[in-house]
$ cat upload.cif   # mmCIF, C-alpha atoms
data_protein
#
loop_
_atom_site.group_PDB
_atom_site.id
_atom_site.type_symbol
_atom_site.label_atom_id
_atom_site.label_comp_id
_atom_site.auth_asym_id
_atom_site.auth_seq_id
_atom_site.Cartn_x
_atom_site.Cartn_y
_atom_site.Cartn_z
ATOM 1 C CA MET A 1 45.948 -36.397 -5.530
ATOM 2 C CA ALA A 2 42.654 -37.759 -6.859
ATOM 3 C CA CYS A 3 40.569 -35.564 -4.551
ATOM 4 C CA PRO A 4 41.879 -32.204 -5.848
ATOM 5 C CA LEU A 5 41.404 -33.341 -9.450
ATOM 6 C CA THR A 6 37.863 -34.491 -8.705
ATOM 7 C CA ARG A 7 37.093 -31.124 -7.111
ATOM 8 C CA LEU A 8 38.623 -29.289 -10.065
ATOM 9 C CA GLY A 9 36.504 -31.361 -12.440
ATOM 10 C CA SER A 10 33.358 -30.619 -10.404
ATOM 11 C CA VAL A 11 34.101 -26.895 -10.419
ATOM 12 C CA SER A 12 34.687 -26.983 -14.189
ATOM 13 C CA LEU A 13 31.372 -28.772 -14.790
ATOM 14 C CA LEU A 14 29.581 -26.295 -12.550
ATOM 15 C CA LEU A 15 31.083 -23.325 -14.427
ATOM 16 C CA MET A 16 30.137 -24.842 -17.796
ATOM 17 C CA ALA A 17 26.589 -25.352 -16.591
ATOM 18 C CA LEU A 18 26.353 -21.761 -15.335
ATOM 19 C CA LEU A 19 27.963 -20.163 -18.376
ATOM 20 C CA GLY A 20 26.412 -22.409 -21.004
ATOM 21 C CA CYS A 21 28.038 -24.842 -23.376
ATOM 22 C CA ASP A 22 28.293 -22.628 -26.455
ATOM 23 C CA ALA A 23 30.651 -19.753 -25.637
ATOM 24 C CA ASN A 24 30.448 -18.438 -29.253
ATOM 25 C CA ASN A 25 26.689 -17.872 -29.078
ATOM 26 C CA LYS A 26 26.489 -14.266 -27.822
ATOM 27 C CA GLU A 27 22.788 -13.679 -28.636
ATOM 28 C CA PRO A 28 20.541 -13.214 -25.611
ATOM 29 C CA GLU A 29 17.613 -15.505 -25.235
ATOM 30 C CA HIS A 30 14.290 -13.821 -25.912
ATOM 31 C CA GLN A 31 11.579 -15.054 -23.676
ATOM 32 C CA ALA A 32 8.182 -13.508 -23.064
ATOM 33 C CA LEU A 33 7.778 -12.459 -19.445
ATOM 34 C CA VAL A 34 4.519 -13.291 -17.798
ATOM 35 C CA LEU A 35 3.288 -10.213 -15.958
ATOM 36 C CA PRO A 36 0.907 -10.566 -13.033
ATOM 37 C CA LYS A 37 -2.666 -9.664 -13.858
ATOM 38 C CA HIS A 38 -4.204 -6.724 -12.072
ATOM 39 C CA LEU A 39 -7.087 -7.835 -9.962
ATOM 40 C CA ASN A 40 -10.161 -6.662 -11.853
ATOM 41 C CA THR A 41 -12.506 -7.766 -9.122
ATOM 42 C CA PRO A 42 -13.018 -5.555 -6.060
ATOM 43 C CA HIS A 43 -10.710 -6.542 -3.220
ATOM 44 C CA VAL A 44 -9.686 -5.269 0.228
ATOM 45 C CA SER A 45 -6.447 -3.268 0.216
ATOM 46 C CA ASP A 46 -6.372 -2.483 3.966
ATOM 47 C CA GLN A 47 -8.474 -2.907 7.109
ATOM 48 C CA VAL A 48 -8.305 -1.616 10.677
ATOM 49 C CA THR A 49 -10.339 -1.122 13.832
ATOM 50 C CA ALA A 50 -10.471 2.449 15.139
ATOM 51 C CA ALA A 51 -12.793 4.169 17.617
ATOM 52 C CA GLY A 52 -14.765 0.929 17.908
ATOM 53 C CA LEU A 53 -15.417 0.764 14.144
ATOM 54 C CA VAL A 54 -14.194 -1.950 11.802
ATOM 55 C CA LEU A 55 -13.051 -0.174 8.638
ATOM 56 C CA ALA A 56 -11.996 -1.699 5.321
ATOM 57 C CA LEU A 57 -10.699 -0.028 2.166
ATOM 58 C CA TRP A 58 -11.628 -1.643 -1.138
ATOM 59 C CA ASP A 59 -9.916 -1.309 -4.509
ATOM 60 C CA ASP A 60 -12.968 -1.236 -6.770
ATOM 61 C CA GLY A 61 -12.073 -0.676 -10.410
ATOM 62 C CA GLY A 62 -9.271 1.729 -9.510
ATOM 63 C CA GLY A 63 -11.408 3.689 -7.059
ATOM 64 C CA CYS A 64 -11.144 3.539 -3.285
ATOM 65 C CA LYS A 65 -14.282 2.540 -1.370
ATOM 66 C CA LEU A 66 -14.802 2.519 2.388
ATOM 67 C CA GLN A 67 -16.678 -0.228 4.207
ATOM 68 C CA VAL A 68 -17.800 0.366 7.796
ATOM 69 C CA GLY A 69 -18.584 -2.782 9.765
ATOM 70 C CA LYS A 70 -20.411 -5.513 7.871
ATOM 71 C CA ALA A 71 -22.358 -3.101 5.683
ATOM 72 C CA LYS A 72 -21.608 -3.066 1.973
ATOM 73 C CA ALA A 73 -18.770 -0.766 0.882
ATOM 74 C CA THR A 74 -20.609 2.299 -0.442
ATOM 75 C CA ILE A 75 -18.549 5.332 0.564
ATOM 76 C CA TRP A 76 -16.193 6.519 -2.191
ATOM 77 C CA MET A 77 -12.965 8.156 -1.071
ATOM 78 C CA LYS A 78 -11.265 10.841 -3.197
ATOM 79 C CA PRO A 79 -7.790 9.195 -3.361
ATOM 80 C CA MET A 80 -7.588 6.528 -6.046
ATOM 81 C CA ALA A 81 -6.809 2.882 -5.276
ATOM 82 C CA SER A 82 -4.820 1.237 -4.018
ATOM 83 C CA CYS A 83 -5.407 3.099 -0.776
ATOM 84 C CA TYR A 84 -4.216 2.401 2.755
ATOM 85 C CA PHE A 85 -4.754 3.609 6.299
ATOM 86 C CA MET A 86 -1.971 5.777 7.684
ATOM 87 C CA LYS A 87 0.071 3.862 10.287
ATOM 88 C CA SER A 88 1.904 5.202 13.317
ATOM 89 C CA PRO A 89 5.600 5.615 12.413
ATOM 90 C CA GLY A 90 7.562 2.467 13.232
ATOM 91 C CA SER A 91 4.384 0.497 13.939
ATOM 92 C CA SER A 92 1.845 -1.616 12.116
ATOM 93 C CA GLN A 93 -0.972 0.004 14.124
ATOM 94 C CA VAL A 94 -3.294 2.538 12.520
ATOM 95 C CA GLN A 95 -2.548 6.120 13.529
ATOM 96 C CA VAL A 96 -5.632 7.514 15.301
ATOM 97 C CA TYR A 97 -5.738 11.221 16.106
ATOM 98 C CA GLN A 98 -8.010 12.148 19.011
ATOM 99 C CA HIS A 99 -9.421 15.514 17.881
ATOM 100 C CA ASN A 100 -11.619 16.008 20.950
ATOM 101 C CA LYS A 101 -13.534 13.888 23.475
ATOM 102 C CA THR A 102 -15.993 12.557 20.893
ATOM 103 C CA THR A 103 -14.137 12.747 17.583
ATOM 104 C CA SER A 104 -11.228 10.677 16.251
ATOM 105 C CA ILE A 105 -9.615 10.935 12.837
ATOM 106 C CA VAL A 106 -7.743 8.391 10.730
ATOM 107 C CA ALA A 107 -6.144 9.161 7.377
ATOM 108 C CA VAL A 108 -6.293 7.306 4.063
ATOM 109 C CA VAL A 109 -3.420 7.601 1.575
ATOM 110 C CA GLY A 110 -4.010 6.781 -2.085
ATOM 111 C CA THR A 111 -3.454 7.765 -5.709
ATOM 112 C CA PRO A 112 -0.297 5.600 -5.782
ATOM 113 C CA VAL A 113 3.169 6.768 -6.739
ATOM 114 C CA LYS A 114 6.658 5.425 -6.091
ATOM 115 C CA GLY A 115 7.295 2.923 -3.350
ATOM 116 C CA GLN A 116 5.001 0.642 -1.506
ATOM 117 C CA ARG A 117 1.917 2.047 0.157
ATOM 118 C CA CYS A 118 2.737 5.614 -0.945
ATOM 119 C CA GLY A 119 0.441 8.085 -2.662
ATOM 120 C CA GLN A 120 -0.037 11.709 -3.586
ATOM 121 C CA GLU A 121 -3.445 12.219 -1.955
ATOM 122 C CA VAL A 122 -4.476 11.868 1.695
ATOM 123 C CA GLN A 123 -8.043 12.167 2.960
ATOM 124 C CA GLY A 124 -9.233 12.037 6.537
ATOM 125 C CA LEU A 125 -11.995 9.894 7.980
ATOM 126 C CA VAL A 126 -13.790 11.610 10.835
ATOM 127 C CA LEU A 127 -15.019 9.014 13.332
ATOM 128 C CA LYS A 128 -17.816 10.264 15.573
ATOM 129 C CA ASN A 129 -20.866 8.667 17.219
ATOM 130 C CA GLY A 130 -20.296 5.311 15.486
ATOM 131 C CA THR A 131 -20.067 6.785 11.988
ATOM 132 C CA ALA A 132 -17.201 7.406 9.566
ATOM 133 C CA THR A 133 -17.383 10.505 7.361
ATOM 134 C CA PRO A 134 -14.773 11.367 4.712
ATOM 135 C CA SER A 135 -13.277 14.822 5.189
ATOM 136 C CA ALA A 136 -13.965 17.534 2.648
ATOM 137 C CA TYR A 137 -10.276 18.447 2.725
ATOM 138 C CA VAL A 138 -7.818 16.300 0.735
ATOM 139 C CA MET A 139 -4.055 16.845 1.023
ATOM 140 C CA GLN A 140 -2.437 16.958 -2.412
ATOM 141 C CA GLY A 141 0.879 17.980 -3.916
ATOM 142 C CA SER A 142 3.370 15.826 -2.041
ATOM 143 C CA VAL A 143 4.056 12.130 -1.552
ATOM 144 C CA HIS A 144 2.977 10.489 1.702
ATOM 145 C CA CYS A 145 3.657 6.889 2.698
ATOM 146 C CA ALA A 146 1.313 4.910 4.928
ATOM 147 C CA ASP A 147 4.089 3.799 7.291
ATOM 148 C CA GLN A 148 5.316 7.359 7.994
ATOM 149 C CA GLY A 149 2.204 8.783 9.670
ATOM 150 C CA LEU A 150 1.110 12.426 9.805
ATOM 151 C CA GLN A 151 1.577 15.346 12.178
ATOM 152 C CA ASN A 152 -1.225 16.517 14.503
ATOM 153 C CA PHE A 153 -1.714 19.794 12.611
ATOM 154 C CA GLN A 154 -2.357 17.771 9.426
ATOM 155 C CA TYR A 155 -5.106 15.809 11.176
ATOM 156 C CA ASP A 156 -6.653 19.094 12.358
ATOM 157 C CA LEU A 157 -7.100 20.083 8.698
ATOM 158 C CA PHE A 158 -9.350 17.064 8.169
ATOM 159 C CA ALA A 159 -11.616 18.010 11.088
ATOM 160 C CA LYS A 160 -12.712 21.316 9.526
#
$ encode --input "upload.cif" --output "structure tokens"
Amino acid sequence: MACPLTRLGSVSLLLMALLGCDANNKEPEHQALVLPKHLNTPHVSDQVTAAGLVLALWDDGGGCKLQVGKAKATIWMKPMASCYFMKSPGSSQVQVYQHNKTTSIVAVVGTPVKGQRCGQEVQGLVLKNGTATPSAYVMQGSVHCADQGLQNFQYDLFAK
């Protein structure tokens, strides 16, 4: 009989600890929440290797900068940071569209909105002859997420 009483006493102590000792005190505790600081220093938001080029996207003061290889990041993209390379659906691999024999295209999603790695602007990067050139065309007006990829006809728009 001592065991059930001991268990009952343990459960009662546990409930008192979880609910608090003063049941009449209905006021919520006010405690300042510590919010994480936004990184004010430039930092890499995504990096991939495509068409033999090592590409990195930098969040630099809210803007999205492209770094090709070991050179300094100097190419500004139109989507705002944080920006990410578009991935093949269901994969962690970058989605590379082969436009023709010499030209590949990857897409960068940015200008963040709801969800993780989602944005309302997508810009292409045309990879040709060892160089990366941002497309003149920028998709706007709908939400795209980096892990959902794009359709081939969307990549064709970047090649023009």
$ closest_residue --input "upload.cif" --among "A:Ala51, A:Ala107, A:Ala81, A:Leu57" --to "Phe158 of chain A" --atoms "all atoms listed in the file"
A:Ala107
$ residues_around --input "upload.cif" --residues "Val106 of chain A" --least-positions-apart "4" --cutoff "8 Å" --atoms "all atoms listed in the file" --output "PDB file with C-alpha atoms, in the coordinates of the input"
ATOM      1  CA  ALA A  50     -10.471   2.449  15.139  1.00  0.00           C
ATOM      2  CA  PHE A  85      -4.754   3.609   6.299  1.00  0.00           C
ATOM      3  CA  MET A  86      -1.971   5.777   7.684  1.00  0.00           C
ATOM      4  CA  VAL A  94      -3.294   2.538  12.520  1.00  0.00           C
ATOM      5  CA  GLN A  95      -2.548   6.120  13.529  1.00  0.00           C
ATOM      6  CA  VAL A  96      -5.632   7.514  15.301  1.00  0.00           C
ATOM      7  CA  TYR A  97      -5.738  11.221  16.106  1.00  0.00           C
ATOM      8  CA  GLY A 124      -9.233  12.037   6.537  1.00  0.00           C
ATOM      9  CA  LEU A 125     -11.995   9.894   7.980  1.00  0.00           C
ATOM     10  CA  VAL A 126     -13.790  11.610  10.835  1.00  0.00           C
ATOM     11  CA  LEU A 127     -15.019   9.014  13.332  1.00  0.00           C
ATOM     12  CA  TYR A 155      -5.106  15.809  11.176  1.00  0.00           C
TER      13      TYR A 155
END
$ atom_distance --input "upload.cif" --atom1 "atom CA of Ala56 of chain A" --atom2 "atom CA of Val109 of chain A"
13.2 Å
$ closest_residue --input "upload.cif" --among "A:Lys72, A:His43, A:Lys78, A:Lys87" --to "Tyr137 of chain A" --atoms "only C-alpha atoms"
A:Lys78
$ resolve_selection --input "upload.cif" --expression "the PyMOL selection byres ((chain A and resi 160) around 8)" --output "list of chain:residue names"
A:Ser135, A:Ala136, A:Tyr137, A:Asp156, A:Leu157, A:Phe158, A:Ala159
$ closest_residue --input "upload.cif" --among "A:Val138, A:Val68, A:Ile105, A:Cys83" --to "Leu55 of chain A" --atoms "all atoms listed in the file"
A:Val68
$ residues_near_point --input "upload.cif" --point "(9.6, 6.6, 13.7)" --cutoff "9 Å" --atoms "all atoms listed in the file" --output "ChimeraX atom specification"
/A:88-91,147-149
$ atom_distance --input "upload.cif" --atom1 "atom CA of His99 of chain A" --atom2 "atom CA of Gln151 of chain A"
12.4 Å
$ resolve_selection --input "upload.cif" --expression "the PyMOL selection byres ((chain A and resi 64) around 6)" --output "list in words"
Trp58, Asp59, Gly63, Lys65, Trp76, Met77, Met80 and Ala81 of chain A
$ residues_around --input "upload.cif" --residues "segment 141-145 of chain A" --least-positions-apart "5" --cutoff "8 Å" --atoms "all atoms listed in the file" --output "VMD selection string"
chain A and resid 86 109 113 116 to 122
$ atom_distance --input "upload.cif" --atom1 "atom CA of Pro79 of chain A" --atom2 "atom CA of Gln98 of chain A"
22.6 Å
$ resolve_selection --input "upload.cif" --expression "the PyMOL selection byres ((chain A and resi 42) around 9)" --output "CSV table (one decimal) with C-alpha atoms, keeping the file's coordinate frame"
chain,number,residue,atom,x,y,z
A,39,LEU,CA,-7.1,-7.8,-10.0
A,40,ASN,CA,-10.2,-6.7,-11.9
A,41,THR,CA,-12.5,-7.8,-9.1
A,43,HIS,CA,-10.7,-6.5,-3.2
A,44,VAL,CA,-9.7,-5.3,0.2
A,58,TRP,CA,-11.6,-1.6,-1.1
A,59,ASP,CA,-9.9,-1.3,-4.5
A,60,ASP,CA,-13.0,-1.2,-6.8
A,61,GLY,CA,-12.1,-0.7,-10.4
A,62,GLY,CA,-9.3,1.7,-9.5
$ closest_residue --input "upload.cif" --among "A:Gln154, A:Thr74, A:Thr102, A:Gln47" --to "Met139 of chain A" --atoms "all atoms listed in the file"
A:Gln154
$ residues_near_point --input "upload.cif" --point "(-20.5, 3.7, 14.3)" --cutoff "10 Å" --atoms "only C-alpha atoms" --output "ChimeraX atom specification"
/A:51-54,68-69,127-132
$ closest_residue --input "upload.cif" --among "A:Gln140, A:Ile75, A:Thr133, A:Leu66" --to "Ser104 of chain A" --atoms "all atoms listed in the file"
A:Thr133
$ axis_aligned_box --input "upload.cif" --around "segment 150-155 of chain A" --padding-each-side "4 Å" --output "AutoDock Vina command-line options"
--center_x -1.8 --center_y 16.1 --center_z 12.0 --size_x 14.7 --size_y 15.4 --size_z 13.1
$ decode --input "upload.cif" --residues "segment 92-103 of chain A" --atoms "all heavy atoms" --output "compact mmCIF listing (two decimals), in the first residue's frame"
# COMPACT_ATOMS: atom_id res chain seq x y z
N SER A 92 18.33 18.32 -52.71
CA SER A 92 19.12 19.44 -52.18
C SER A 92 20.11 19.95 -53.23
O SER A 92 20.91 20.84 -52.96
CB SER A 92 19.87 19.00 -50.92
OG SER A 92 20.76 17.96 -51.24
N GLN A 93 20.04 19.40 -54.44
CA GLN A 93 20.92 19.79 -55.53
C GLN A 93 20.37 21.01 -56.26
O GLN A 93 19.16 21.12 -56.46
CB GLN A 93 21.10 18.64 -56.53
CG GLN A 93 21.71 17.40 -55.93
CD GLN A 93 23.15 17.64 -55.49
OE1 GLN A 93 23.93 18.23 -56.21
NE2 GLN A 93 23.47 17.18 -54.30
N VAL A 94 21.25 21.90 -56.68
CA VAL A 94 20.83 23.06 -57.45
C VAL A 94 20.20 22.60 -58.77
O VAL A 94 20.61 21.61 -59.36
CB VAL A 94 22.02 24.01 -57.71
CG1 VAL A 94 23.07 23.38 -58.62
CG2 VAL A 94 21.55 25.33 -58.31
N GLN A 95 19.16 23.30 -59.18
CA GLN A 95 18.49 22.99 -60.44
C GLN A 95 19.22 23.74 -61.55
O GLN A 95 19.26 24.98 -61.54
CB GLN A 95 17.02 23.41 -60.38
CG GLN A 95 16.21 22.97 -61.57
CD GLN A 95 14.74 23.33 -61.42
OE1 GLN A 95 14.40 24.41 -60.93
NE2 GLN A 95 13.86 22.44 -61.83
N VAL A 96 19.82 23.00 -62.47
CA VAL A 96 20.57 23.59 -63.59
C VAL A 96 19.82 23.28 -64.87
O VAL A 96 19.60 22.12 -65.21
CB VAL A 96 22.01 23.04 -63.66
CG1 VAL A 96 22.77 23.69 -64.81
CG2 VAL A 96 22.74 23.27 -62.34
N TYR A 97 19.45 24.32 -65.60
CA TYR A 97 18.75 24.16 -66.87
C TYR A 97 19.78 24.29 -67.99
O TYR A 97 20.50 25.29 -68.07
CB TYR A 97 17.67 25.22 -67.01
CG TYR A 97 17.00 25.24 -68.36
CD1 TYR A 97 16.17 24.20 -68.76
CD2 TYR A 97 17.20 26.30 -69.24
CE1 TYR A 97 15.55 24.22 -70.00
CE2 TYR A 97 16.58 26.32 -70.47
CZ TYR A 97 15.76 25.28 -70.85
OH TYR A 97 15.16 25.29 -72.08
N GLN A 98 19.86 23.28 -68.84
CA GLN A 98 20.78 23.30 -69.97
C GLN A 98 20.06 23.94 -71.15
O GLN A 98 19.26 23.30 -71.83
CB GLN A 98 21.24 21.88 -70.30
CG GLN A 98 22.40 21.81 -71.27
CD GLN A 98 23.69 22.34 -70.65
OE1 GLN A 98 23.98 22.10 -69.49
NE2 GLN A 98 24.45 23.07 -71.44
N HIS A 99 20.34 25.22 -71.39
CA HIS A 99 19.64 25.97 -72.44
C HIS A 99 20.07 25.52 -73.84
O HIS A 99 19.25 25.34 -74.73
CB HIS A 99 19.89 27.47 -72.26
CG HIS A 99 19.23 28.32 -73.28
ND1 HIS A 99 17.85 28.44 -73.38
CD2 HIS A 99 19.74 29.12 -74.25
CE1 HIS A 99 17.55 29.26 -74.37
NE2 HIS A 99 18.68 29.69 -74.92
N ASN A 100 21.36 25.36 -74.03
CA ASN A 100 21.90 24.81 -75.27
C ASN A 100 23.25 24.17 -74.95
O ASN A 100 23.58 24.00 -73.78
CB ASN A 100 22.00 25.87 -76.39
CG ASN A 100 22.85 27.06 -75.99
OD1 ASN A 100 23.84 26.92 -75.28
ND2 ASN A 100 22.46 28.24 -76.45
N LYS A 101 24.04 23.85 -75.97
CA LYS A 101 25.29 23.12 -75.72
C LYS A 101 26.29 23.91 -74.88
O LYS A 101 27.11 23.32 -74.19
CB LYS A 101 25.94 22.72 -77.05
CG LYS A 101 25.20 21.63 -77.78
CD LYS A 101 25.91 21.24 -79.05
CE LYS A 101 25.13 20.17 -79.79
NZ LYS A 101 25.81 19.74 -81.01
N THR A 102 26.23 25.23 -74.93
CA THR A 102 27.24 26.03 -74.24
C THR A 102 26.70 26.87 -73.08
O THR A 102 27.47 27.49 -72.38
CB THR A 102 27.94 26.99 -75.23
OG1 THR A 102 26.94 27.87 -75.78
CG2 THR A 102 28.64 26.22 -76.33
N THR A 103 25.39 26.89 -72.92
CA THR A 103 24.79 27.78 -71.93
C THR A 103 23.92 27.02 -70.94
O THR A 103 23.03 26.26 -71.33
CB THR A 103 23.93 28.86 -72.62
OG1 THR A 103 24.72 29.52 -73.60
CG2 THR A 103 23.41 29.87 -71.62
